[in-house]
Amino acid sequence: MSKTLVLRGSADRWSVRIQPAVLWIGLGLASLLCLSALVSLSLGTYPTTVPQIIQALSGSEDLSGIRLILLEIRLPRILMAILAGGALGLAGLLLQGLVQNPLASPDVVGITSGASAAAVFTLWITGSAGGTPLLVPAAITGALLVTVLLVMLSWRGGVSPTRLVLIGVGLAAGLSAVTTLILVVSPDATAMSAYIWLTGSLYAARWSDVFGLAPVVIGGLAVAIAVARHLDLHALGSDLALSLGSNVNRQRLVHLLLAVVLAGGAVAYAGALGFIGLLAPHMARRIIRTGHVGLTVISALLGGLILVWADLAGRVLFIPRDLPAGLFVAGVGAPFFVFLLYRLRRQS
Amino acid sequence: MLMTRTARAAGLLGGIAIAAAALFASLMFGHIPVSVADLYSSVVAYNPGDLEQLVIRSERVPRTLIALAVGAGLAVAGVLMQALTRNPLASPGILGINAGALFLVVVGANLFSLTAPTQLIWLAFAGSGLAAMLVYFLGHEPGRGISPIRTVLAGVALTALFVSFSQGLLILNQERFESMLFWIAGSVSGRSLEAVAPLLPLIAGGLVFSLLLGRQLNLLGLDDEVTQGLGLNVAQIRLLTGLMVILLAGTSVAIAGMIGFVGLIVPHIARGLLGTDHRWLIPGAAVIGGALLMGSDTLARLLIPPREVPIGVVTALMGTPLFLHLARRVGQKS
């Protein structure tokens, strides 16, 4: 047994167990994330070198144009990618733990579709193309409603994971039809921008968006770390978790709500990005086998990393076209899903 | 369910009557309503100067015929797939066959500037064939046959893959929103009859050949040992059925883009009405599928005039409740 670091609150209300190895991996990934952010900061339609970035950010007068590009366009966009990717990675981990099914993720079970249908509906009602302050609560409400519907429809004296996934697939299909319907009804100008937003893009990320999503993600991560020990228990199966003193049903509700808020928030700001919620937790499990404290942090970091690179690819590969990051995530994520199915086939 | 031969024949005739009603509705209703007299004179004494007659000939007739052919093709493809996989959730839309065809058609249209449907059709066949092979490979468990849930999940993953690649190509080429909707949500309008005329015989041929396979399809429902004992070459029948699915679904996508759920809903309606005998089921599904798509298209025109709802949206809204119902049942069994 390797040495572990245990942090406890008063009266054991919370306790967090960290393995030193996980700490190092986390730090390594975090620095990789910073490095990727720096690369992303320097590339684009108007390439800049690292010394230029440092000069511009330190307030050099003759580089004010670059400073504007960096601070107002690229930086909020990169931060947004980290936050949204992290939120989706975390939501995927929570859902996979909840339904004990490696195929679960916010987009496969329809939560993303619910959030985007609600968001597009709000855009249509308010008639604005850019965004309204209502967008975020609307997307989270949509995600929540779909989740309630999902649990209700797949409930037959308990929720079977396969039924949950199948029902989720159906709900996602129906909701995307609703979304298309709203797009067709709304005016042309909003329709195309809403459509690109739906494929998952970070085009118009602003600082206000970053400050809006940051508390959701940081708060969500903190709660996820605090409840991580229950995730460890649930991984043993509900009977064992129950006998070890976990209030299984209440904890499940907490995990579900957390996943919905994180996924809904990410969709509200960054569009319907698929597959990050599937990819990040699996990659995290490859890196560290067990221990949900480590898994939560590493899933979030990996989610952010994936989205930063996908966004960079969308910005840089087809200059001057700026492609939605969602396309690249799906381009990597969908083959991975296929691979996952193939591996599950081999196991059983 | 209708049990006797006469009752089934009557049911089929009823279906044909409904399809005929849908055909007339599709010809007459729309943004510019036309009268029966216009319809009659557009056939016997066509006058291109008359607006109503022009609308009938140049717009209504092509889309009605396309809806009829595509509806029948997708519905029969659904019947064949459900027989082949013994899976009530199987359909060309859900298992990714349509998305595979769509992807290669979009590749051909955008990267190689192919526009003639006679060229695109081969790409559609290749795409649906590729998707069918992948889904079969992923859904097949060695030693245990085809797992229904795994097949559906494989289809969902492949659909996501192909659709996102197609979306990427369409966005990359700065296609307009309508063009995007045409392929991804499906549409029976915007294609002239001359352009798709070479493809309609393919669907007709596929329908007739599927009908000839009816007896063999009935036996596919039995255990493989029993079927072999009865002297049927199971592998050959499976291959032929699979080829028919690719022919019908691929042609439908090349004509009208991705129209989902028709291949799922119609086989279930037809089975509820005519029973499980494929010799009745296939013509029944063809008639009901044609009627459903012509009806959906008429509805799509009337919902929010002067705009049109993509027909795939109408069929998806009708099909989702059925899919959810079936998913509850399938999930229960396993």
# chains A, B, ... in the order shown; residues from 1 in each chain; ligands from 1
>>> interface_residues(of="chain A", to="chain B", cutoff="6 Å", atoms="only C-alpha atoms", output="VMD selection string")
chain A and resid 163 166 to 167 170 174 177 192 327 334 342
>>> closest_atom_pairs(of="segment 29-129 of chain A", to="segment 219-223 of chain A", cutoff="12 Å", atoms="only C-alpha atoms", output="Markdown table")
| residue | atom | partner | partner_atom | distance |
| --- | --- | --- | --- | --- |
| A:Leu83 | CA | A:Leu221 | CA | 10.7 |
| A:Ala84 | CA | A:Gly220 | CA | 11.9 |
| A:Gly86 | CA | A:Leu221 | CA | 8.9 |
| A:Ala87 | CA | A:Gly220 | CA | 7.9 |
| A:Leu88 | CA | A:Gly220 | CA | 10.9 |
| A:Gly89 | CA | A:Leu221 | CA | 10.6 |
| A:Leu90 | CA | A:Leu221 | CA | 7.6 |
| A:Ala91 | CA | A:Gly220 | CA | 9.2 |
| A:Leu93 | CA | A:Leu221 | CA | 11.5 |
| A:Leu94 | CA | A:Leu221 | CA | 10.9 |
>>> residues_around(residues="segment 277-280 of chain A", least_positions_apart="2", cutoff="6 Å", atoms="only C-alpha atoms", output="list of chain:residue names")
A:Leu88, A:Gly89, A:Gly92, A:Ser105, A:Phe275, A:His282, A:Met283, A:Ser299, A:Leu302, A:Gly303
>>> atom_distance(atom1="atom CA of Gly186 of chain B", atom2="atom CA of Leu123 of chain B")
17.3 Å
>>> residues_around(residues="Ala72 of chain B", least_positions_apart="4", cutoff="12 Å", atoms="only C-alpha atoms", output="number ranges by chain")
B: 19, 65-68, 76-79, 200, 203-208, 210, 248-249, 251-252, 262-263, 266-267, 282-294
>>> select_by_dssp(residues="segment 5-224 of chain B", states="strand (DSSP E or B)", output="short mmCIF file (atom, residue, chain, number, x, y, z; two decimals) with C-alpha atoms, in the first residue's frame")
data_model
loop_
_atom_site.label_atom_id
_atom_site.label_comp_id
_atom_site.auth_asym_id
_atom_site.auth_seq_id
_atom_site.Cartn_x
_atom_site.Cartn_y
_atom_site.Cartn_z
CA HIS B 140 -21.90 -9.38 -33.09
CA GLU B 141 -20.75 -11.24 -30.01
CA GLY B 145 -24.92 -13.99 -32.00
CA ILE B 146 -26.09 -10.43 -32.37
#
>>> select_by_dssp(residues="segment 51-200 of chain B", states="helix (DSSP H, G or I)", output="MDAnalysis selection string")
chainID B and resid 51:85 97:111 117:139 148:172 177:184 193:196 200
>>> residues_around(residues="Val245 of chain B", least_positions_apart="2", cutoff="9 Å", atoms="only C-alpha atoms", output="list in words")
Gly73, Leu74, Val76, Ala77, Gly78, Leu80, Met81, Pro92, Ile97, Ser128, Gly129, Ala132, Gly206, Leu240, Thr241, Gly242, Leu243, Leu247, Leu248, Ala249 and Gly250 of chain B
>>> write_last_selection(atoms="C-alpha atoms", output="PDB file, in the first residue's frame")
ATOM      1  CA  GLY B  73     -37.887   2.052 -49.608  1.00  0.00           C
ATOM      2  CA  LEU B  74     -37.009   3.000 -46.042  1.00  0.00           C
ATOM      3  CA  VAL B  76     -39.081  -2.121 -46.383  1.00  0.00           C
ATOM      4  CA  ALA B  77     -35.404  -1.664 -45.483  1.00  0.00           C
ATOM      5  CA  GLY B  78     -36.594  -1.472 -41.857  1.00  0.00           C
ATOM      6  CA  LEU B  80     -35.593  -6.469 -43.710  1.00  0.00           C
ATOM      7  CA  MET B  81     -33.240  -5.218 -40.999  1.00  0.00           C
ATOM      8  CA  PRO B  92     -31.604   2.023 -41.315  1.00  0.00           C
ATOM      9  CA  ILE B  97     -26.845   2.903 -42.420  1.00  0.00           C
ATOM     10  CA  SER B 128     -24.341   2.318 -46.335  1.00  0.00           C
ATOM     11  CA  GLY B 129     -22.434  -0.886 -47.020  1.00  0.00           C
ATOM     12  CA  ALA B 132     -23.710  -2.010 -42.268  1.00  0.00           C
ATOM     13  CA  GLY B 206     -35.428  -3.459 -54.468  1.00  0.00           C
ATOM     14  CA  LEU B 240     -29.117 -11.021 -50.162  1.00  0.00           C
ATOM     15  CA  THR B 241     -31.227  -9.343 -47.485  1.00  0.00           C
ATOM     16  CA  GLY B 242     -28.292  -7.189 -46.434  1.00  0.00           C
ATOM     17  CA  LEU B 243     -27.689  -6.172 -50.048  1.00  0.00           C
ATOM     18  CA  LEU B 247     -29.782  -0.821 -52.058  1.00  0.00           C
ATOM     19  CA  LEU B 248     -33.002   0.591 -50.583  1.00  0.00           C
ATOM     20  CA  ALA B 249     -31.490   2.718 -47.814  1.00  0.00           C
ATOM     21  CA  GLY B 250     -28.613   3.983 -49.964  1.00  0.00           C
TER      22      GLY B 250
END
>>> closest_residue(among="A:Ile78, A:Ile182, A:Leu233, A:Leu175", to="Ile125 of chain A", atoms="only C-alpha atoms")
A:Ile182
>>> atom_distance(atom1="atom CA of Leu198 of chain A", atom2="atom CA of Gly212 of chain A")
19.2 Å
>>> residues_around(residues="Leu145 of chain A", least_positions_apart="6", cutoff="10 Å", atoms="only C-alpha atoms", output="ChimeraX atom specification")
/A:111,114-115,118,139,260
>>> write_last_selection(atoms="N, CA and C atoms", output="short mmCIF file (atom, residue, chain, number, x, y, z; two decimals), in the first residue's frame")
data_model
loop_
_atom_site.label_atom_id
_atom_site.label_comp_id
_atom_site.auth_asym_id
_atom_site.auth_seq_id
_atom_site.Cartn_x
_atom_site.Cartn_y
_atom_site.Cartn_z
N ILE A 111 -28.75 14.34 -21.95
CA ILE A 111 -28.73 15.55 -21.12
C ILE A 111 -28.30 16.75 -21.96
N GLY A 114 -31.09 17.90 -24.16
CA GLY A 114 -32.10 18.63 -23.40
C GLY A 114 -31.67 20.06 -23.17
N ALA A 115 -30.41 20.22 -22.77
CA ALA A 115 -29.90 21.56 -22.52
C ALA A 115 -29.91 22.38 -23.80
N ALA A 118 -33.48 23.43 -24.82
CA ALA A 118 -33.96 24.52 -23.98
C ALA A 118 -33.27 25.83 -24.34
N ALA A 139 -30.67 26.43 -19.95
CA ALA A 139 -29.98 25.20 -20.34
C ALA A 139 -29.93 24.22 -19.17
N VAL A 260 -25.74 17.11 -13.87
CA VAL A 260 -26.67 17.89 -14.70
C VAL A 260 -26.27 19.35 -14.71
#
>>> atom_distance(atom1="atom CA of Ile255 of chain B", atom2="atom CA of Leu104 of chain B")
13.4 Å
>>> residues_around(residues="Ser64 of chain A", least_positions_apart="6", cutoff="12 Å", atoms="only C-alpha atoms", output="list in words")
Gln52, Ile53, Gln55, Ala56, Leu57, Ser58, Leu70, Leu71 and Glu72 of chain A
